[in-house]
Each structure stands twice: as structure tokens, then as C-alpha cells.
file query-v1.txt (compact mmCIF, C-alpha atoms)
# COMPACT_ATOMS: atom_id res chain seq x y z
CA ALA Q 1 14.76 10.25 16.96
CA ASN Q 2 15.12 13.28 14.70
CA ARG Q 3 16.35 11.39 11.66
CA LYS Q 4 14.35 11.94 8.50
CA PRO Q 5 13.88 9.45 5.64
CA PRO Q 6 16.12 10.13 2.65
CA MET Q 7 14.53 12.76 0.43
CA ALA Q 8 14.81 10.52 -2.61
CA VAL Q 9 12.82 7.79 -0.86
CA THR Q 10 10.10 10.15 0.36
CA MET Q 11 9.73 11.95 -2.95
CA LEU Q 12 9.79 8.84 -5.10
CA PHE Q 13 7.20 7.10 -2.92
CA ILE Q 14 4.74 9.99 -3.03
CA ALA Q 15 5.35 10.73 -6.68
CA VAL Q 16 4.77 7.10 -7.63
CA SER Q 17 1.66 6.89 -5.47
CA GLY Q 18 0.18 10.08 -6.92
CA SER Q 19 1.00 9.14 -10.48
CA LEU Q 20 -0.38 5.66 -10.20
CA CYS Q 21 -3.67 6.99 -8.86
CA LEU Q 22 -4.07 8.82 -12.14
CA LEU Q 23 -3.88 5.62 -14.13
CA ALA Q 24 -5.78 3.47 -11.61
CA SER Q 25 -3.64 0.56 -12.73
CA ARG Q 26 -3.73 -2.45 -10.44
CA ARG Q 27 -0.53 -3.87 -11.89
CA LEU Q 28 1.46 -0.69 -11.54
CA VAL Q 29 0.17 -0.06 -8.04
CA LEU Q 30 1.35 -3.52 -7.13
CA CYS Q 31 4.61 -2.76 -8.89
CA SER Q 32 5.14 0.24 -6.64
CA LEU Q 33 4.44 -1.82 -3.52
CA ILE Q 34 7.06 -4.37 -4.49
CA THR Q 35 9.77 -2.16 -5.93
CA LEU Q 36 9.65 0.45 -3.19
CA GLN Q 37 11.24 -2.16 -0.93
CA VAL Q 38 14.50 -1.62 -2.80
CA VAL Q 39 14.10 2.06 -3.59
CA ARG Q 40 16.79 3.00 -1.06
CA SER Q 41 19.32 1.70 -3.56
CA PHE Q 42 18.33 4.38 -6.03
CA ALA Q 43 18.38 8.17 -6.07
CA ILE Q 44 16.18 8.62 -9.12
CA ILE Q 45 13.65 11.44 -9.00
CA PRO Q 46 12.52 12.02 -12.58
CA PHE Q 47 9.16 13.45 -11.57
CA PHE Q 48 7.15 14.75 -8.66
CA SER Q 49 3.64 15.99 -7.98
CA LYS Q 50 2.10 18.68 -5.84
CA ARG Q 51 2.04 16.35 -2.87
CA CYS Q 52 5.71 15.72 -3.38
CA LEU Q 53 6.34 19.45 -3.36
CA ARG Q 54 4.47 19.72 -0.08
CA VAL Q 55 6.84 17.16 1.41
CA ARG Q 56 9.76 19.28 0.33
CA VAL Q 57 8.11 22.31 1.86
CA SER Q 58 7.43 20.51 5.15
CA ASN Q 59 11.05 19.34 5.37
CA SER Q 60 12.26 22.90 4.92
CA PHE Q 61 9.49 24.48 6.97
CA ALA Q 62 11.69 25.41 9.93
CA ALA Q 63 14.34 26.97 7.74
CA SER Q 64 11.76 28.91 5.72
CA THR Q 65 10.04 30.17 8.85
CA MET Q 66 13.31 31.25 10.43
CA ALA Q 67 14.17 33.12 7.25
CA GLY Q 68 10.84 34.88 7.41
CA GLU Q 69 9.51 33.33 4.20
CA PRO Q 70 5.83 32.28 4.39
CA VAL Q 71 5.51 28.71 3.14
CA SER Q 72 2.12 29.47 1.56
CA THR Q 73 3.76 31.91 -0.88
CA ILE Q 74 5.95 29.25 -2.51
CA ASP Q 75 4.86 28.77 -6.11
CA ASP Q 76 3.88 25.28 -7.19
CA PRO Q 77 4.94 24.70 -10.80
CA TYR Q 78 3.06 21.39 -10.80
CA SER Q 79 -0.39 22.66 -9.84
CA TRP Q 80 -1.61 21.60 -13.28
CA LEU Q 81 -1.47 18.00 -12.02
CA GLU Q 82 -4.63 18.76 -10.04
CA GLN Q 83 -6.48 18.20 -13.33
CA VAL Q 84 -6.11 14.47 -12.95
CA GLU Q 85 -7.77 13.48 -16.23
CA SER Q 86 -6.14 16.06 -18.52
CA GLU Q 87 -3.97 14.77 -21.36
CA GLU Q 88 -0.92 16.42 -19.81
CA SER Q 89 -1.45 14.80 -16.39
CA LEU Q 90 -2.11 11.36 -17.86
CA GLN Q 91 0.99 11.59 -20.02
CA PHE Q 92 2.98 12.71 -16.98
CA ALA Q 93 1.79 9.64 -15.10
CA LYS Q 94 2.63 7.32 -17.99
CA ASP Q 95 6.11 8.79 -18.30
CA ALA Q 96 6.64 8.54 -14.55
CA ASN Q 97 5.54 4.92 -14.48
CA GLU Q 98 7.81 4.11 -17.40
CA ALA Q 99 10.76 5.74 -15.63
CA CYS Q 100 9.99 3.75 -12.49
CA LEU Q 101 9.78 0.44 -14.35
CA ASN Q 102 12.95 1.13 -16.35
CA ALA Q 103 14.86 1.94 -13.17
CA LEU Q 104 13.49 -0.75 -10.89
CA GLY Q 105 12.32 -3.45 -13.29
CA ASP Q 106 8.95 -4.91 -14.23
CA PRO Q 107 7.77 -7.21 -11.40
CA THR Q 108 5.49 -9.12 -13.77
CA LYS Q 109 8.61 -10.37 -15.58
CA SER Q 110 10.59 -11.24 -12.46
CA ASP Q 111 11.65 -14.86 -11.69
CA THR Q 112 10.96 -14.43 -7.94
CA GLY Q 113 7.22 -14.98 -8.21
CA THR Q 114 6.67 -12.19 -5.69
CA TYR Q 115 4.25 -10.36 -7.97
CA ASP Q 116 1.97 -13.37 -8.39
CA ARG Q 117 2.04 -14.16 -4.68
CA VAL Q 118 1.14 -10.61 -3.64
CA LEU Q 119 -1.54 -10.33 -6.32
CA SER Q 120 -3.14 -13.60 -5.22
CA VAL Q 121 -3.36 -12.25 -1.66
CA LEU Q 122 -4.84 -8.92 -2.76
CA GLU Q 123 -7.49 -10.64 -4.90
CA SER Q 124 -8.14 -13.65 -2.71
CA ASP Q 125 -11.75 -14.52 -1.91
CA ASP Q 126 -10.49 -15.60 1.51
CA ARG Q 127 -10.04 -11.98 2.58
CA ILE Q 128 -12.30 -10.91 5.44
CA PRO Q 129 -15.08 -8.69 4.04
CA TYR Q 130 -15.26 -5.94 6.64
CA VAL Q 131 -18.81 -4.71 7.12
CA SER Q 132 -20.88 -1.85 8.57
CA ASN Q 133 -24.19 -2.22 10.36
CA TYR Q 134 -27.06 -0.72 8.34
CA GLY Q 135 -29.96 -1.63 10.61
CA TRP Q 136 -32.52 -4.35 9.87
CA ASP Q 137 -34.54 -5.40 6.83
CA ASP Q 138 -38.29 -6.14 6.53
CA ASP Q 139 -37.76 -9.70 7.79
CA GLY Q 140 -35.94 -8.57 10.92
CA ASN Q 141 -32.50 -9.59 9.65
CA GLN Q 142 -29.56 -7.39 10.54
CA VAL Q 143 -28.19 -5.73 7.38
CA LEU Q 144 -24.43 -5.63 6.83
CA VAL Q 145 -22.83 -3.55 4.08
CA ASN Q 146 -19.42 -4.04 2.49
CA PHE Q 147 -17.34 -2.55 -0.34
CA TRP Q 148 -15.42 -5.23 -2.26
CA GLN Q 149 -12.76 -5.20 -4.98
CA ASP Q 150 -11.31 -8.19 -6.82
CA SER Q 151 -10.09 -9.19 -10.28
CA LYS Q 152 -13.66 -9.20 -11.64
CA ASN Q 153 -14.53 -5.88 -10.02
CA PRO Q 154 -11.37 -3.72 -10.07
CA LYS Q 155 -13.27 -0.54 -9.21
CA GLY Q 156 -15.41 -2.41 -6.72
CA ILE Q 157 -18.98 -3.20 -5.76
CA TRP Q 158 -21.02 -1.87 -2.86
CA ARG Q 159 -23.04 -4.78 -1.55
CA ARG Q 160 -25.16 -6.01 1.33
CA THR Q 161 -25.99 -9.21 3.16
CA THR Q 162 -27.61 -10.31 6.41
CA MET Q 163 -25.88 -11.26 9.63
CA ASP Q 164 -27.09 -14.87 9.33
CA SER Q 165 -25.70 -15.16 5.82
CA TYR Q 166 -22.47 -13.39 6.77
CA CYS Q 167 -21.81 -16.03 9.43
CA THR Q 168 -21.87 -18.82 6.83
CA LYS Q 169 -18.92 -20.06 4.79
CA ASN Q 170 -20.29 -18.52 1.58
CA PRO Q 171 -22.42 -15.43 2.31
CA GLU Q 172 -25.03 -14.38 -0.24
CA TRP Q 173 -24.34 -10.82 -1.31
CA LYS Q 174 -26.67 -8.42 -3.12
CA THR Q 175 -24.92 -5.73 -5.16
CA MET Q 176 -26.33 -2.25 -4.62
CA LEU Q 177 -23.83 -0.35 -6.78
CA ASP Q 178 -21.30 -1.61 -9.33
CA VAL Q 179 -18.68 1.14 -9.64
CA ASP Q 180 -17.22 -0.41 -12.82
CA GLU Q 181 -20.63 -0.28 -14.50
CA LEU Q 182 -21.27 3.24 -13.26
CA ALA Q 183 -17.91 4.36 -14.66
CA LYS Q 184 -18.82 2.92 -18.07
CA LYS Q 185 -22.27 4.49 -17.98
CA ASP Q 186 -21.00 7.95 -17.01
CA ASP Q 187 -17.77 7.66 -19.03
CA ILE Q 188 -15.91 8.78 -15.91
CA SER Q 189 -13.15 6.85 -14.13
CA TRP Q 190 -14.98 6.81 -10.80
CA VAL Q 191 -13.10 5.78 -7.66
CA TRP Q 192 -15.04 4.83 -4.54
CA LYS Q 193 -14.42 7.13 -1.56
CA GLY Q 194 -17.01 5.83 0.89
CA ALA Q 195 -20.61 6.28 2.02
CA THR Q 196 -22.29 8.38 4.72
CA PRO Q 197 -25.58 6.77 5.83
CA LEU Q 198 -28.57 8.74 7.07
CA PRO Q 199 -28.65 8.14 10.86
CA ARG Q 200 -31.63 5.92 11.65
CA ALA Q 201 -32.51 7.95 14.76
CA ARG Q 202 -32.91 11.04 12.58
CA ASP Q 203 -35.02 9.48 9.85
CA PRO Q 204 -38.84 9.48 10.25
CA LEU Q 205 -39.06 6.75 7.58
CA SER Q 206 -36.66 4.39 9.33
CA GLU Q 207 -39.52 2.45 10.95
CA GLY Q 208 -38.58 3.30 14.49
CA GLY Q 209 -34.86 3.48 13.89
CA ARG Q 210 -34.59 0.06 12.28
CA LYS Q 211 -33.78 0.87 8.64
CA VAL Q 212 -31.14 2.91 6.87
CA THR Q 213 -33.09 4.41 3.95
CA ARG Q 214 -30.60 6.88 2.44
CA ALA Q 215 -26.85 7.33 2.07
CA LEU Q 216 -24.50 9.89 0.57
CA LEU Q 217 -22.00 8.26 -1.79
CA HIS Q 218 -18.60 9.85 -2.32
CA LEU Q 219 -17.00 9.28 -5.74
CA SER Q 220 -13.88 10.87 -7.18
CA ARG Q 221 -12.64 11.22 -10.74
CA GLY Q 222 -9.52 9.14 -11.16
CA GLY Q 223 -8.79 8.99 -7.44
CA SER Q 224 -8.41 12.72 -6.78
CA ASP Q 225 -8.90 14.21 -3.32
CA ALA Q 226 -11.98 16.09 -4.49
CA THR Q 227 -15.20 14.08 -4.66
CA HIS Q 228 -18.67 14.19 -6.13
CA VAL Q 229 -21.44 13.47 -3.61
CA LYS Q 230 -24.64 11.71 -4.75
CA GLU Q 231 -27.59 10.61 -2.65
CA PHE Q 232 -28.51 6.93 -2.83
CA ASP Q 233 -31.89 5.38 -1.97
CA MET Q 234 -31.29 2.22 0.05
CA VAL Q 235 -34.90 1.13 -0.41
CA THR Q 236 -35.09 1.31 -4.22
CA GLY Q 237 -31.43 0.48 -4.74
CA ASP Q 238 -30.79 3.46 -7.01
CA PHE Q 239 -29.79 7.10 -6.83
CA VAL Q 240 -32.45 9.44 -5.46
CA SER Q 241 -34.41 11.00 -8.34
CA GLU Q 242 -36.67 13.51 -6.57
CA ASP Q 243 -34.91 16.51 -4.99
CA PRO Q 244 -31.67 14.61 -4.39
CA PHE Q 245 -28.73 15.99 -2.48
CA ILE Q 246 -25.90 16.33 -5.01
CA LEU Q 247 -22.60 18.13 -4.54
CA PRO Q 248 -20.26 18.92 -7.44
CA GLU Q 249 -16.58 18.08 -7.33
CA ALA Q 250 -14.86 19.58 -4.29
CA LYS Q 251 -13.07 18.57 -1.10
CA SER Q 252 -16.42 18.47 0.66
CA ARG Q 253 -17.32 17.54 4.23
CA VAL Q 254 -20.96 16.51 4.48
CA SER Q 255 -23.25 14.75 6.94
CA TYR Q 256 -26.99 14.29 7.47
CA ARG Q 257 -28.55 16.45 10.17
CA SER Q 258 -31.94 14.97 9.34
CA ARG Q 259 -33.57 13.32 6.36
CA ASP Q 260 -34.03 16.67 4.63
CA VAL Q 261 -31.15 18.72 6.06
CA LEU Q 262 -27.41 18.36 5.48
CA THR Q 263 -24.47 20.00 7.20
CA VAL Q 264 -22.17 20.92 4.33
CA GLY Q 265 -18.63 22.18 4.05
CA THR Q 266 -17.57 22.67 0.45
CA ASP Q 267 -16.18 25.17 -2.05
CA PHE Q 268 -18.58 28.14 -2.05
CA GLY Q 269 -16.16 30.44 -3.83
CA PRO Q 270 -13.72 33.08 -2.53
CA ASP Q 271 -12.81 32.83 1.18
CA SER Q 272 -14.81 29.61 1.66
CA LEU Q 273 -11.71 27.39 1.84
CA THR Q 274 -8.76 27.17 4.21
CA ASP Q 275 -5.19 27.71 3.06
CA SER Q 276 -4.99 23.92 2.75
CA GLY Q 277 -7.84 23.90 0.21
CA TYR Q 278 -10.49 22.33 2.47
CA PRO Q 279 -13.84 23.75 3.67
CA ARG Q 280 -13.63 26.67 6.10
CA THR Q 281 -17.35 27.00 6.83
CA VAL Q 282 -20.24 24.68 7.67
CA ARG Q 283 -23.72 25.39 6.32
CA GLU Q 284 -27.14 23.85 6.80
CA TRP Q 285 -28.64 22.89 3.46
CA VAL Q 286 -32.35 22.12 3.31
CA ARG Q 287 -33.59 19.75 0.62
CA GLY Q 288 -35.14 21.53 -2.35
CA THR Q 289 -33.31 24.82 -1.76
CA ASP Q 290 -30.26 26.29 -3.49
CA LEU Q 291 -26.98 25.30 -1.91
CA GLU Q 292 -25.68 28.87 -2.28
CA ASP Q 293 -28.48 30.11 -0.03
CA ALA Q 294 -27.67 27.72 2.84
CA PRO Q 295 -26.90 29.69 6.02
CA VAL Q 296 -23.51 29.45 7.72
CA VAL Q 297 -23.68 27.74 11.14
CA PHE Q 298 -19.96 27.50 11.89
CA GLU Q 299 -16.90 29.27 10.57
CA GLY Q 300 -13.21 28.45 10.99
CA ASP Q 301 -10.05 30.38 10.26
CA LYS Q 302 -8.26 30.32 6.92
CA LYS Q 303 -5.18 28.97 8.71
CA ASP Q 304 -7.15 25.93 9.93
CA VAL Q 305 -6.68 22.73 7.94
CA SER Q 306 -10.35 21.83 7.56
CA VAL Q 307 -13.75 22.40 9.16
CA GLY Q 308 -16.51 19.81 9.22
CA VAL Q 309 -19.40 18.32 11.19
CA TYR Q 310 -20.21 14.71 11.94
CA ILE Q 311 -23.52 13.61 13.48
CA ASP Q 312 -23.78 10.11 14.91
CA HIS Q 313 -27.06 8.21 14.99
CA GLN Q 314 -26.79 7.90 18.77
CA TYR Q 315 -27.60 11.58 19.18
CA ARG Q 316 -31.09 12.94 18.58

call {"tool": "encode", "arguments": {"input": "query-v1.txt", "output": "C-alpha cells"}}
result
Amino acid sequence: ANRKPPMAVTMLFIAVSGSLCLLASRRLVLCSLITLQVVRSFAIIPFFSKRCLRVRVSNSFAASTMAGEPVSTIDDPYSWLEQVESEESLQFAKDANEACLNALGDPTKSDTGTYDRVLSVLESDDRIPYVSNYGWDDDGNQVLVNFWQDSKNPKGIWRRTTMDSYCTKNPEWKTMLDVDELAKKDDISWVWKGATPLPRARDPLSEGGRKVTRALLHLSRGGSDATHVKEFDMVTGDFVSEDPFILPEAKSRVSYRSRDVLTVGTDFGPDSLTDSGYPRTVREWVRGTDLEDAPVVFEGDKKDVSVGVYIDHQYR
């Protein structure tokens, strides 16, 4: 029960995963999924990232603690990989991918056909489009929202349909946000990280709790843990232009308290983050005011992993 996976397997898996996120390459991601099945035959560790280092630390945590050495004081010589779009990080990822392919082989050139079979499953239109309930539209139809990626939309589209249409063989979808187009427009390799809708019960413009009118979209550069948060208008189908809620890149935790108030945990400077690099405080940010002036409503300890608030639409 106490057996641990071989270090080479753990490190190679995390290093490959982290490196491939930098390149956002569908083929190489698929390559890692296939070749990791045989990685136990290899002991090749030509590279590793910060996450990899954390695995090494966690495996030696007991020994370090017994020796009296605080884990948090261990230097990370690969912290520069946090800059996921720097030339150095991108070159590191390319070199790591090349080392992986040289050692394990290119699945696109294999005679097994495994690559094509797996790719066809990942891009199949027969996949179930999982949806979230976003209330009702003007015609009384229940609105369902889905995020979808395929060969035509590698970064994905955020789209909506009705319950009646969803129950048909070929639902009619309306795209609200095309992440590929947004990435081209902003010249940023955006990666979708999800959406936080404004609870209908807390929105005076929801027509009695029927409509979702706003949502906070979470987008990261190149797939990093830190995200940008932008407010989206579900009525106009575009980003909010007047006094929008916008958070710069950080490992933020954010939720609507009301239409014009957010609970925010983000990087406010010194002592605002935990030792794990996540928010340590929660503030209430009122629309139209400076984020730095938002009062603290909850405060955790620096040794906590993360502090955040979530408000469900069921609670008023």
C-alpha cells in the first residue's frame, strides 16, 4: 500500500505534461498519452519543470522534515519556466518534446494505427457535449451552455443551445465566444479555463431569476495556472464595455456576490498569497471602484494552500 511509482515515471509524466502545455500542440499531447503507456521501459529524464521539482520535494518531504529542513526553503532552479511564453521556456519545451519523441518514437509514423484511432475519438462529433444550465431565454426555452473543442476549433468555442434543440440528433448551437479567434485578435495563446456565471437569484436584471446575464470568463496564457478574468455580457454576446470586472493575470479565486459586487482572492502584493502561491485573503470589490481599495472580508494563514469564496444561486 505504501509503494510509490518509479521516480522516472512520475517525473517524465509531469515534465511532459507541463512542457506540452507550453506548446499547446494537439499532436504532441496525444503523443504523450500514447507513449506514456510504455514509459516504464525507460529511465530518461532529460528535463523537468517546477511541478516536477515539487514531486521530488513531496517524495522526500518526510526525510526533509525529520532532518529539520523546511521544504519551502529549497531553491527552485527552474522557476524561470513560470514565464510560459518566454523564448527560453518555449525552447525548453521544444527540446523536451524532441527528446521524448527521439526516445519513445513518433506515434504519427507508427504502423499500429493507434494515433489515428485515439485522435478520431478525441475529435469525434459523436462525443456527448456536456452542458450547464443557464436559465431561460425570451421564448421560455431552457438555455444550455457548452465548451467544445474539435479539429476545426482546437482552442475551442463557448456556445449555447436550447433544451429542445439539445434533445435532437443535431442540436443547433450558437457560438458566444471563439477562443481561436480571440487568440488571433489579441495575439495571445489563450487557453480556456472556464466560466463563472452571475447567480440568477442575485441579479436584479435576471427577470425574476430566469436569465443569466453576466459571466466571468477565465483565460490563461499558454495554459498556465494563472488566469486573466474578463466579464462577459450574455445578453449582447460580447465582453462588458462599461465598468467591467477585469482581473490581471494571477491565480485568482473570484465569484459574484451580486451583480455589482465580487468576492475576490488574487495577488494584491506582499503577504497576499499563501506559501503555495494562491490567494490568502478574500475581498469585496464593488463595480467602478479600485480593486486595491476593496476591503478584506476573510483572511487565511500563509501556510494554507488557498482561500476562496463560492456563492451558489440557491442562496440569497

call {"tool": "residues_near_point", "arguments": {"input": "query-v1.txt", "point": "(-34.5, 8.8, 1.2)", "cutoff": "10 Å", "atoms": "only C-alpha atoms", "output": "list in words"}}
result
Leu198, Asp203, Leu205, Ser206, Val212, Thr213, Arg214, Ala215, Glu231, Phe232, Asp233, Met234, Val235, Thr236, Phe239, Val240, Ser241, Glu242, Asp243, Pro244, Phe245, Arg259 and Asp260 of chain Q

call {"tool": "closest_atom_pairs", "arguments": {"input": "query-v1.txt", "of": "stretch 137-254 of chain Q", "to": "stretch 267-277 of chain Q", "cutoff": "8 Å", "atoms": "only C-alpha atoms", "output": "Markdown table"}}
result
| residue | atom | partner | partner_atom | distance |
| --- | --- | --- | --- | --- |
| Q:Ala250 | CA | Q:Asp267 | CA | 6.2 |
| Q:Lys251 | CA | Q:Asp267 | CA | 7.4 |
| Q:Ser252 | CA | Q:Asp267 | CA | 7.2 |

call {"tool": "residues_near_point", "arguments": {"input": "query-v1.txt", "point": "(-13.3, 11.2, -8.4)", "cutoff": "8 Å", "atoms": "only C-alpha atoms", "output": "list in words"}}
result
Ser189, Trp190, Val191, Trp192, Leu219, Ser220, Arg221, Gly222, Gly223, Ser224, Asp225, Ala226, Thr227, His228 and Glu249 of chain Q

call {"tool": "write_last_selection", "arguments": {"input": "query-v1.txt", "atoms": "C-alpha atoms", "output": "PDB file, in the coordinates of the input"}}
result
ATOM      1  CA  SER Q 189     -13.150   6.850 -14.130  1.00  0.00           C
ATOM      2  CA  TRP Q 190     -14.980   6.810 -10.800  1.00  0.00           C
ATOM      3  CA  VAL Q 191     -13.100   5.780  -7.660  1.00  0.00           C
ATOM      4  CA  TRP Q 192     -15.040   4.830  -4.540  1.00  0.00           C
ATOM      5  CA  LEU Q 219     -17.000   9.280  -5.740  1.00  0.00           C
ATOM      6  CA  SER Q 220     -13.880  10.870  -7.180  1.00  0.00           C
ATOM      7  CA  ARG Q 221     -12.640  11.220 -10.740  1.00  0.00           C
ATOM      8  CA  GLY Q 222      -9.520   9.140 -11.160  1.00  0.00           C
ATOM      9  CA  GLY Q 223      -8.790   8.990  -7.440  1.00  0.00           C
ATOM     10  CA  SER Q 224      -8.410  12.720  -6.780  1.00  0.00           C
ATOM     11  CA  ASP Q 225      -8.900  14.210  -3.320  1.00  0.00           C
ATOM     12  CA  ALA Q 226     -11.980  16.090  -4.490  1.00  0.00           C
ATOM     13  CA  THR Q 227     -15.200  14.080  -4.660  1.00  0.00           C
ATOM     14  CA  HIS Q 228     -18.670  14.190  -6.130  1.00  0.00           C
ATOM     15  CA  GLU Q 249     -16.580  18.080  -7.330  1.00  0.00           C
TER      16      GLU Q 249
END

call {"tool": "closest_atom_pairs", "arguments": {"input": "query-v1.txt", "of": "stretch 183-228 of chain Q", "to": "stretch 290-314 of chain Q", "cutoff": "8 Å", "atoms": "all atoms listed in the file", "output": "JSON lines"}}
result
{"residue": "Q:Pro199", "atom": "CA", "partner": "Q:His313", "partner_atom": "CA", "distance": 4.4}
{"residue": "Q:Arg200", "atom": "CA", "partner": "Q:His313", "partner_atom": "CA", "distance": 6.1}
{"residue": "Q:Ala201", "atom": "CA", "partner": "Q:His313", "partner_atom": "CA", "distance": 5.5}
{"residue": "Q:Arg202", "atom": "CA", "partner": "Q:His313", "partner_atom": "CA", "distance": 6.9}

call {"tool": "write_last_selection", "arguments": {"input": "query-v1.txt", "atoms": "C-alpha atoms", "output": "short mmCIF file (atom, residue, chain, number, x, y, z; two decimals), keeping the file's coordinate frame"}}
result
data_model
loop_
_atom_site.label_atom_id
_atom_site.label_comp_id
_atom_site.auth_asym_id
_atom_site.auth_seq_id
_atom_site.Cartn_x
_atom_site.Cartn_y
_atom_site.Cartn_z
CA PRO Q 199 -28.65 8.14 10.86
CA ARG Q 200 -31.63 5.92 11.65
CA ALA Q 201 -32.51 7.95 14.76
CA ARG Q 202 -32.91 11.04 12.58
#

call {"tool": "atom_distance", "arguments": {"input": "query-v1.txt", "atom1": "atom CA of Q:Gly105", "atom2": "atom CA of Q:Val121"}}
result
21.4 Å

call {"tool": "atom_distance", "arguments": {"input": "query-v1.txt", "atom1": "atom CA of Q:Val143", "atom2": "atom CA of Q:Val254"}}
result
23.6 Å

call {"tool": "atom_distance", "arguments": {"input": "query-v1.txt", "atom1": "atom CA of Q:Thr175", "atom2": "atom CA of Q:Asn153"}}
result
11.5 Å

call {"tool": "closest_residue", "arguments": {"input": "query-v1.txt", "among": "Q:Asn146, Q:Leu81, Q:Met176, Q:Val264", "to": "Q:Ala93", "atoms": "only C-alpha atoms"}}
result
Q:Leu81

call {"tool": "closest_residue", "arguments": {"input": "query-v1.txt", "among": "Q:Pro197, Q:Tyr166, Q:Phe92, Q:Gly156", "to": "Q:Leu182", "atoms": "only C-alpha atoms"}}
result
Q:Gly156
